>>> print(open('protein.pdb').read())   # PDB, C-alpha atoms, pLDDT in the B column
ATOM      1  CA  ILE D   1       0.559   4.164 -14.900  1.00 42.00           C
ATOM      2  CA  ASP D   2       4.196   3.413 -14.084  1.00 48.00           C
ATOM      3  CA  SER D   3       4.886   3.600 -10.348  1.00 58.00           C
ATOM      4  CA  GLY D   4       8.490   4.796 -10.678  1.00 64.00           C
ATOM      5  CA  MET D   5       7.690   8.115  -8.988  1.00 66.00           C
ATOM      6  CA  HIS D   6       5.955   6.290  -6.154  1.00 65.00           C
ATOM      7  CA  MET D   7       9.024   4.088  -5.622  1.00 67.00           C
ATOM      8  CA  ALA D   8      11.344   7.094  -5.720  1.00 72.00           C
ATOM      9  CA  LEU D   9       9.312   8.874  -3.047  1.00 70.00           C
ATOM     10  CA  TRP D  10       9.353   5.812  -0.783  1.00 68.00           C
ATOM     11  CA  SER D  11      13.148   5.511  -1.073  1.00 68.00           C
ATOM     12  CA  ASP D  12      13.613   8.475   1.306  1.00 66.00           C
ATOM     13  CA  VAL D  13      10.830   7.576   3.740  1.00 67.00           C
ATOM     14  CA  SER D  14      11.409   6.245   7.240  1.00 71.00           C
ATOM     15  CA  VAL D  15       8.242   4.540   8.494  1.00 77.00           C
ATOM     16  CA  PRO D  16       7.505   5.060  12.220  1.00 79.00           C
ATOM     17  CA  ARG D  17       7.938   1.814  14.137  1.00 80.00           C
ATOM     18  CA  PRO D  18       4.308   1.614  15.419  1.00 83.00           C
ATOM     19  CA  LEU D  19       3.128   1.642  11.777  1.00 86.00           C
ATOM     20  CA  ALA D  20       5.735  -0.697  10.302  1.00 79.00           C
ATOM     21  CA  GLU D  21       3.469  -3.760  10.416  1.00 79.00           C
ATOM     22  CA  VAL D  22       0.642  -2.029   8.527  1.00 84.00           C
ATOM     23  CA  HIS D  23       1.674  -2.502   4.919  1.00 78.00           C
ATOM     24  CA  ALA D  24      -0.402  -4.951   2.925  1.00 75.00           C
ATOM     25  CA  GLU D  25      -1.348  -2.445   0.209  1.00 78.00           C
ATOM     26  CA  PRO D  26       0.589   0.759  -0.553  1.00 78.00           C
ATOM     27  CA  ILE D  27      -1.334   4.018  -0.868  1.00 84.00           C
ATOM     28  CA  PHE D  28      -0.354   6.926  -3.100  1.00 83.00           C
ATOM     29  CA  SER D  29      -2.763   9.849  -3.089  1.00 89.00           C
ATOM     30  CA  ALA D  30      -2.436  12.837  -5.458  1.00 91.00           C
ATOM     31  CA  ALA D  31      -5.334  15.240  -5.893  1.00 94.00           C
ATOM     32  CA  ARG D  32      -6.365  18.784  -6.800  1.00 97.00           C
ATOM     33  CA  LEU D  33      -8.304  21.421  -4.911  1.00 97.00           C
ATOM     34  CA  ASP D  34     -11.890  20.543  -3.903  1.00 96.00           C
ATOM     35  CA  THR D  35     -11.734  16.931  -5.066  1.00 96.00           C
ATOM     36  CA  TYR D  36     -13.084  14.502  -2.503  1.00 95.00           C
ATOM     37  CA  ILE D  37     -14.052  10.920  -1.617  1.00 95.00           C
ATOM     38  CA  GLY D  38     -17.312  10.135   0.152  1.00 94.00           C
ATOM     39  CA  PHE D  39     -17.713   8.069   3.300  1.00 95.00           C
ATOM     40  CA  HIS D  40     -16.320   4.543   3.160  1.00 95.00           C
ATOM     41  CA  ARG D  41     -14.312   2.201   5.379  1.00 95.00           C
ATOM     42  CA  HIS D  42     -11.744  -0.593   5.122  1.00 93.00           C
ATOM     43  CA  GLN D  43      -8.891  -2.245   6.992  1.00 91.00           C
ATOM     44  CA  GLU D  44      -6.609  -0.216   9.245  1.00 93.00           C
ATOM     45  CA  SER D  45      -4.475   2.264   7.337  1.00 94.00           C
ATOM     46  CA  TRP D  46      -2.289   5.309   7.665  1.00 95.00           C
ATOM     47  CA  LEU D  47      -1.449   8.234   5.408  1.00 95.00           C
ATOM     48  CA  ALA D  48       1.469  10.661   5.677  1.00 93.00           C
ATOM     49  CA  GLN D  49       0.682  14.129   4.344  1.00 95.00           C
ATOM     50  CA  LEU D  50       3.559  15.273   2.102  1.00 92.00           C
ATOM     51  CA  HIS D  51       2.164  18.343   0.371  1.00 94.00           C
ATOM     52  CA  GLY D  52      -0.979  20.409   0.763  1.00 97.00           C
ATOM     53  CA  ARG D  53      -3.767  19.979   3.298  1.00 98.00           C
ATOM     54  CA  LYS D  54      -6.486  17.339   3.490  1.00 98.00           C
ATOM     55  CA  ALA D  55      -9.678  17.444   5.559  1.00 97.00           C
ATOM     56  CA  TRP D  56     -10.896  14.177   7.072  1.00 97.00           C
ATOM     57  CA  TRP D  57     -14.419  13.597   8.313  1.00 96.00           C
ATOM     58  CA  LEU D  58     -14.263  10.664  10.742  1.00 97.00           C
ATOM     59  CA  ALA D  59     -16.837   8.477  12.515  1.00 97.00           C
ATOM     60  CA  PRO D  60     -16.386   5.349  14.683  1.00 97.00           C
ATOM     61  CA  PRO D  61     -17.426   1.934  13.321  1.00 96.00           C
ATOM     62  CA  ASN D  62     -20.315   1.506  15.771  1.00 96.00           C
ATOM     63  CA  LEU D  63     -22.247   4.264  13.970  1.00 96.00           C
ATOM     64  CA  PRO D  64     -24.168   3.726  10.729  1.00 96.00           C
ATOM     65  CA  MET D  65     -22.595   5.062   7.560  1.00 96.00           C
ATOM     66  CA  PRO D  66     -22.969   8.879   7.541  1.00 94.00           C
ATOM     67  CA  PRO D  67     -24.910  10.384   4.635  1.00 92.00           C
ATOM     68  CA  VAL D  68     -22.771  10.957   1.541  1.00 89.00           C
ATOM     69  CA  ARG D  69     -22.718  14.628   0.599  1.00 91.00           C
ATOM     70  CA  LYS D  70     -20.240  17.093  -0.783  1.00 92.00           C
ATOM     71  CA  PRO D  71     -17.717  17.507   2.042  1.00 89.00           C
ATOM     72  CA  TRP D  72     -18.172  21.263   2.409  1.00 91.00           C
ATOM     73  CA  ASP D  73     -21.820  20.602   3.244  1.00 93.00           C
ATOM     74  CA  TYR D  74     -20.657  18.897   6.463  1.00 91.00           C
ATOM     75  CA  VAL D  75     -19.233  22.231   7.656  1.00 90.00           C
ATOM     76  CA  GLU D  76     -22.737  23.641   8.134  1.00 89.00           C
ATOM     77  CA  GLN D  77     -24.601  20.364   8.782  1.00 90.00           C
ATOM     78  CA  ARG D  78     -22.353  17.815  10.427  1.00 91.00           C
ATOM     79  CA  PRO D  79     -23.846  14.312  10.919  1.00 91.00           C
ATOM     80  CA  ARG D  80     -24.095  12.962  14.456  1.00 91.00           C
ATOM     81  CA  GLY D  81     -20.831  11.534  15.749  1.00 94.00           C
ATOM     82  CA  VAL D  82     -18.698  12.830  12.867  1.00 96.00           C
ATOM     83  CA  GLN D  83     -15.456  14.617  13.734  1.00 96.00           C
ATOM     84  CA  LEU D  84     -13.235  16.827  11.592  1.00 96.00           C
ATOM     85  CA  CYS D  85      -9.460  16.464  11.323  1.00 97.00           C
ATOM     86  CA  ILE D  86      -7.181  18.457   8.992  1.00 98.00           C
ATOM     87  CA  THR D  87      -3.757  17.031   8.124  1.00 98.00           C
ATOM     88  CA  ASN D  88      -0.908  19.354   7.173  1.00 98.00           C
ATOM     89  CA  PRO D  89       2.430  18.426   5.554  1.00 95.00           C
ATOM     90  CA  GLY D  90       4.385  16.311   8.041  1.00 92.00           C
ATOM     91  CA  ASP D  91       1.268  14.914   9.755  1.00 95.00           C
ATOM     92  CA  ILE D  92       0.392  11.208   9.769  1.00 95.00           C
ATOM     93  CA  LEU D  93      -3.192  10.037  10.222  1.00 96.00           C
ATOM     94  CA  TYR D  94      -3.821   6.469  11.441  1.00 96.00           C
ATOM     95  CA  LEU D  95      -7.270   4.948  10.941  1.00 96.00           C
ATOM     96  CA  PRO D  96      -8.289   1.792  12.830  1.00 95.00           C
ATOM     97  CA  THR D  97     -10.189  -0.917  10.976  1.00 94.00           C
ATOM     98  CA  ASP D  98     -13.735  -0.030   9.868  1.00 96.00           C
ATOM     99  CA  TRP D  99     -13.651   3.647  10.828  1.00 97.00           C
ATOM    100  CA  TRP D 100     -15.846   5.669   8.491  1.00 97.00           C
ATOM    101  CA  HIS D 101     -13.989   8.434   6.688  1.00 97.00           C
ATOM    102  CA  ALA D 102     -14.484  10.958   3.907  1.00 96.00           C
ATOM    103  CA  THR D 103     -11.790  13.293   2.572  1.00 96.00           C
ATOM    104  CA  TRP D 104     -11.646  16.752   1.024  1.00 97.00           C
ATOM    105  CA  ASN D 105      -8.501  18.206  -0.594  1.00 98.00           C
ATOM    106  CA  LEU D 106      -7.973  21.805   0.486  1.00 98.00           C
ATOM    107  CA  ASP D 107      -5.098  23.007  -1.727  1.00 98.00           C
ATOM    108  CA  ASP D 108      -4.187  23.184  -5.416  1.00 97.00           C
ATOM    109  CA  PHE D 109      -2.005  20.063  -5.180  1.00 95.00           C
ATOM    110  CA  VAL D 110      -2.270  17.514  -2.382  1.00 97.00           C
ATOM    111  CA  ILE D 111       0.020  14.472  -2.017  1.00 93.00           C
ATOM    112  CA  GLY D 112       0.012  11.733   0.597  1.00 92.00           C
ATOM    113  CA  MET D 113       1.561   8.282   0.979  1.00 89.00           C
ATOM    114  CA  GLY D 114       0.898   5.404   3.318  1.00 89.00           C
ATOM    115  CA  TRP D 115      -0.232   1.812   3.642  1.00 86.00           C
ATOM    116  CA  GLU D 116      -3.396  -0.178   4.239  1.00 88.00           C
ATOM    117  CA  GLY D 117      -3.241  -3.190   6.538  1.00 84.00           C
ATOM    118  CA  GLY D 118      -5.499  -6.205   6.327  1.00 76.00           C
ATOM    119  CA  TRP D 119      -3.815  -9.460   5.452  1.00 74.00           C
ATOM    120  CA  SER D 120      -0.390  -8.142   6.621  1.00 75.00           C
ATOM    121  CA  SER D 121      -1.397  -8.992  10.205  1.00 72.00           C
ATOM    122  CA  GLN D 122      -0.783 -12.673   9.343  1.00 80.00           C
ATOM    123  CA  TRP D 123       2.543 -12.202   7.530  1.00 86.00           C
ATOM    124  CA  HIS D 124       5.795 -13.918   8.379  1.00 90.00           C
ATOM    125  CA  ALA D 125       9.158 -12.104   8.277  1.00 91.00           C
ATOM    126  CA  GLY D 126       9.696 -12.988   4.614  1.00 93.00           C
ATOM    127  CA  MET D 127       6.499 -11.230   3.553  1.00 91.00           C
ATOM    128  CA  HIS D 128       7.437  -8.076   5.439  1.00 88.00           C
ATOM    129  CA  ALA D 129      10.861  -8.133   3.769  1.00 91.00           C
ATOM    130  CA  ILE D 130       9.197  -8.364   0.342  1.00 90.00           C
ATOM    131  CA  ALA D 131       6.909  -5.400   1.033  1.00 85.00           C
ATOM    132  CA  ASP D 132       9.829  -3.340   2.329  1.00 84.00           C
ATOM    133  CA  GLY D 133      12.181  -4.255  -0.529  1.00 85.00           C
ATOM    134  CA  ASN D 134      14.562  -5.674   2.063  1.00 90.00           C
ATOM    135  CA  LEU D 135      16.639  -8.254   0.171  1.00 94.00           C
ATOM    136  CA  GLU D 136      18.890  -8.903   3.155  1.00 95.00           C
ATOM    137  CA  GLY D 137      15.856  -9.589   5.324  1.00 94.00           C
ATOM    138  CA  LEU D 138      14.462 -11.920   2.665  1.00 95.00           C
ATOM    139  CA  HIS D 139      17.716 -13.897   2.602  1.00 95.00           C
ATOM    140  CA  ALA D 140      17.559 -14.128   6.402  1.00 95.00           C
ATOM    141  CA  TRP D 141      14.033 -15.547   6.124  1.00 94.00           C
ATOM    142  CA  ARG D 142      15.247 -18.068   3.537  1.00 92.00           C
ATOM    143  CA  ALA D 143      18.076 -19.186   5.838  1.00 92.00           C
ATOM    144  CA  SER D 144      15.482 -19.924   8.540  1.00 92.00           C
ATOM    145  CA  GLN D 145      13.480 -22.260   6.281  1.00 89.00           C
ATOM    146  CA  GLN D 146      13.860 -26.007   6.260  1.00 84.00           C
ATOM    147  CA  GLY D 147      13.394 -28.205   3.213  1.00 81.00           C
ATOM    148  CA  ASP D 148      12.907 -27.098  -0.391  1.00 82.00           C
ATOM    149  CA  ILE D 149      12.944 -23.306  -0.678  1.00 80.00           C
ATOM    150  CA  GLY D 150      10.900 -23.578  -3.876  1.00 75.00           C
ATOM    151  CA  GLU D 151       8.021 -25.026  -1.878  1.00 82.00           C
ATOM    152  CA  ALA D 152       8.368 -22.312   0.778  1.00 88.00           C
ATOM    153  CA  VAL D 153       7.870 -19.527  -1.793  1.00 90.00           C
ATOM    154  CA  THR D 154       4.089 -19.247  -2.047  1.00 90.00           C
ATOM    155  CA  GLN D 155       1.824 -17.618  -4.615  1.00 90.00           C
ATOM    156  CA  ASP D 156       1.051 -14.914  -2.046  1.00 89.00           C
ATOM    157  CA  MET D 157       4.760 -14.104  -1.798  1.00 91.00           C
ATOM    158  CA  LEU D 158       5.108 -13.899  -5.576  1.00 90.00           C
ATOM    159  CA  TYR D 159       1.990 -11.726  -5.826  1.00 88.00           C
ATOM    160  CA  LEU D 160       3.341  -9.371  -3.178  1.00 87.00           C
ATOM    161  CA  GLY D 161       6.689  -9.304  -4.987  1.00 88.00           C
ATOM    162  CA  THR D 162       5.079  -8.112  -8.213  1.00 85.00           C
ATOM    163  CA  ARG D 163       2.732  -5.819  -6.259  1.00 82.00           C
ATOM    164  CA  ALA D 164       5.562  -4.135  -4.323  1.00 81.00           C
ATOM    165  CA  GLY D 165       7.795  -3.844  -7.398  1.00 80.00           C
ATOM    166  CA  HIS D 166      11.278  -4.224  -5.857  1.00 84.00           C
ATOM    167  CA  MET D 167      13.099  -5.904  -8.732  1.00 85.00           C
ATOM    168  CA  ASP D 168      16.000  -7.474  -6.797  1.00 89.00           C
ATOM    169  CA  VAL D 169      13.556  -9.045  -4.336  1.00 91.00           C
ATOM    170  CA  LEU D 170      11.245 -10.232  -7.107  1.00 88.00           C
ATOM    171  CA  LEU D 171      14.083 -11.815  -9.095  1.00 88.00           C
ATOM    172  CA  ALA D 172      15.222 -13.723  -5.992  1.00 91.00           C
ATOM    173  CA  LEU D 173      11.687 -15.043  -5.429  1.00 91.00           C
ATOM    174  CA  LEU D 174      11.291 -16.095  -9.069  1.00 88.00           C
ATOM    175  CA  GLU D 175      14.605 -17.973  -9.001  1.00 88.00           C
ATOM    176  CA  TRP D 176      13.879 -19.708  -5.696  1.00 90.00           C
ATOM    177  CA  SER D 177      10.432 -20.741  -6.916  1.00 87.00           C
ATOM    178  CA  GLY D 178      11.906 -22.252 -10.093  1.00 84.00           C
ATOM    179  CA  LEU D 179       9.985 -19.919 -12.407  1.00 81.00           C
ATOM    180  CA  LEU D 180      13.158 -18.177 -13.548  1.00 77.00           C
ATOM    181  CA  ARG D 181      16.499 -19.807 -14.272  1.00 71.00           C
ATOM    182  CA  HIS D 182      19.905 -18.835 -15.573  1.00 62.00           C
ATOM    183  CA  ASP D 183      20.577 -19.701 -19.202  1.00 60.00           C
ATOM    184  CA  SER D 184      23.896 -21.560 -19.109  1.00 58.00           C
ATOM    185  CA  SER D 185      24.334 -21.150 -22.870  1.00 58.00           C
ATOM    186  CA  HIS D 186      25.020 -17.443 -22.385  1.00 51.00           C
ATOM    187  CA  SER D 187      28.235 -16.325 -20.711  1.00 51.00           C
ATOM    188  CA  SER D 188      26.450 -13.210 -19.474  1.00 47.00           C
ATOM    189  CA  GLY D 189      24.161 -15.338 -17.319  1.00 51.00           C
ATOM    190  CA  LEU D 190      20.955 -14.211 -18.970  1.00 49.00           C
ATOM    191  CA  GLN D 191      17.776 -15.375 -17.288  1.00 60.00           C
ATOM    192  CA  GLU D 192      14.898 -17.155 -18.965  1.00 62.00           C
ATOM    193  CA  TRP D 193      11.480 -18.379 -17.916  1.00 62.00           C
ATOM    194  CA  ALA D 194      11.314 -21.976 -16.799  1.00 64.00           C
ATOM    195  CA  SER D 195       7.526 -21.699 -16.631  1.00 69.00           C
ATOM    196  CA  ALA D 196       4.991 -18.895 -16.762  1.00 68.00           C
ATOM    197  CA  PRO D 197       3.793 -17.208 -13.546  1.00 71.00           C
ATOM    198  CA  SER D 198       0.131 -17.620 -12.676  1.00 77.00           C
ATOM    199  CA  PRO D 199      -2.381 -14.903 -13.639  1.00 78.00           C
ATOM    200  CA  PHE D 200      -2.697 -14.132  -9.912  1.00 73.00           C
ATOM    201  CA  VAL D 201       1.005 -13.257  -9.726  1.00 75.00           C
ATOM    202  CA  ILE D 202       0.916 -11.189 -12.910  1.00 73.00           C
ATOM    203  CA  ALA D 203      -2.098  -9.286 -11.572  1.00 72.00           C
ATOM    204  CA  GLY D 204       0.060  -7.967  -8.734  1.00 73.00           C
ATOM    205  CA  ALA D 205       2.202  -6.029 -11.203  1.00 70.00           C
ATOM    206  CA  ALA D 206      -0.861  -4.628 -12.939  1.00 68.00           C
ATOM    207  CA  VAL D 207      -2.485  -3.534  -9.673  1.00 65.00           C
ATOM    208  CA  GLY D 208       0.714  -1.893  -8.483  1.00 64.00           C
ATOM    209  CA  GLY D 209       1.402  -0.173 -11.789  1.00 61.00           C
ATOM    210  CA  HIS D 210       4.882  -1.690 -11.973  1.00 61.00           C
ATOM    211  CA  ILE D 211       5.621  -1.782 -15.688  1.00 60.00           C
ATOM    212  CA  ARG D 212       9.112  -3.165 -15.087  1.00 64.00           C
ATOM    213  CA  THR D 213       7.799  -6.247 -13.341  1.00 61.00           C
ATOM    214  CA  LEU D 214       5.384  -6.933 -16.189  1.00 58.00           C
TER     215      LEU D 214
END
>>> encode(input="protein.pdb", output="structure tokens")
Amino acid sequence: IDSGMHMALWSDVSVPRPLAEVHAEPIFSAARLDTYIGFHRHQESWLAQLHGRKAWWLAPPNLPMPPVRKPWDYVEQRPRGVQLCITNPGDILYLPTDWWHATWNLDDFVIGMGWEGGWSSQWHAGMHAIADGNLEGLHAWRASQQGDIGEAVTQDMLYLGTRAGHMDVLLALLEWSGLLRHDSSHSSGLQEWASAPSPFVIAGAAVGGHIRTL
């Protein structure tokens, strides 16, 4: 699936400052009425409700995993410690790490967008610039580096570049890393591969659905 629509939606989004550091993995959720996901947990995350309503069944991490049932069954028989929260368009739900949650889509068409945290807690400024598509911020990170910039561009940065799908940022990373170079034989400055990216880097494009980066 091409992620062009996902990118277009993000272009008009202003992320609240308290959530700006939570963006290791982007989330795009689109669902129909009465679809659901059973109880699970993961790293901290947040989801902004854009269209339709979503019910969240929540439980703290110190409790065992609640029984997995159809979500409407919890209305009549709610497990111990489980709370109900319903998000409407314009609401943002933040989930701390390891909180149990199950969801139930309450309208014909339900859309939400957000990010999951995790490894982003250890990122430097360059990684955050890559995730945000902030080319100016990436250049500022480069200016702060000493030594060979090619050595400073890591496989994690290239993976995130293909995962996030911002082409101007990705092209800068590929050039700095030496994987992509300008072909001097063409007056138009066409670019060619100096060497192939690793499978790990290519996987980022596949996971993100970014056909252009592939």
>>> resolve_selection(input="protein.pdb", expression="the PyMOL selection byres ((chain D and resi 30) around 7)", output="VMD selection string")
chain D and resid 28 to 29 31 110 to 112
>>> residues_around(input="protein.pdb", residues="Phe200 of chain D", least_positions_apart="6", cutoff="10 Å", atoms="all atoms listed in the file", output="JSON, numbers by chain")
{"D": [155, 156, 158, 159, 162]}
>>> resolve_selection(input="protein.pdb", expression="the PyMOL selection byres ((chain D and resi 26) around 8)", output="PyMOL selection string")
chain D and resi 23-25+27-28+113-116+164
>>> atom_distance(input="protein.pdb", atom1="atom CA of Met127 of chain D", atom2="atom CA of Pro199 of chain D")
19.7 Å
>>> resolve_selection(input="protein.pdb", expression="the PyMOL selection byres ((chain D and resi 52-67) around 9)", output="ChimeraX atom specification")
/D:38-41,49-51,68-69,71,74,79-89,97-112
>>> residues_around(input="protein.pdb", residues="segment 142-148 of chain D", least_positions_apart="4", cutoff="8 Å", atoms="all atoms listed in the file", output="list in words")
Gly126, Leu138 and Ala152 of chain D
>>> atom_distance(input="protein.pdb", atom1="atom CA of Ile149 of chain D", atom2="atom CA of Gly117 of chain D")
26.8 Å
>>> atom_distance(input="protein.pdb", atom1="atom CA of Met157 of chain D", atom2="atom CA of Val201 of chain D")
8.8 Å
>>> closest_residue(input="protein.pdb", among="D:Gly150, D:Pro197, D:Gly133, D:Gly118", to="Leu170 of chain D", atoms="all atoms listed in the file")
D:Gly133
>>> residues_around(input="protein.pdb", residues="His139 of chain D", least_positions_apart="6", cutoff="10 Å", atoms="all atoms listed in the file", output="PyMOL selection string")
chain D and resi 126+129+169+172
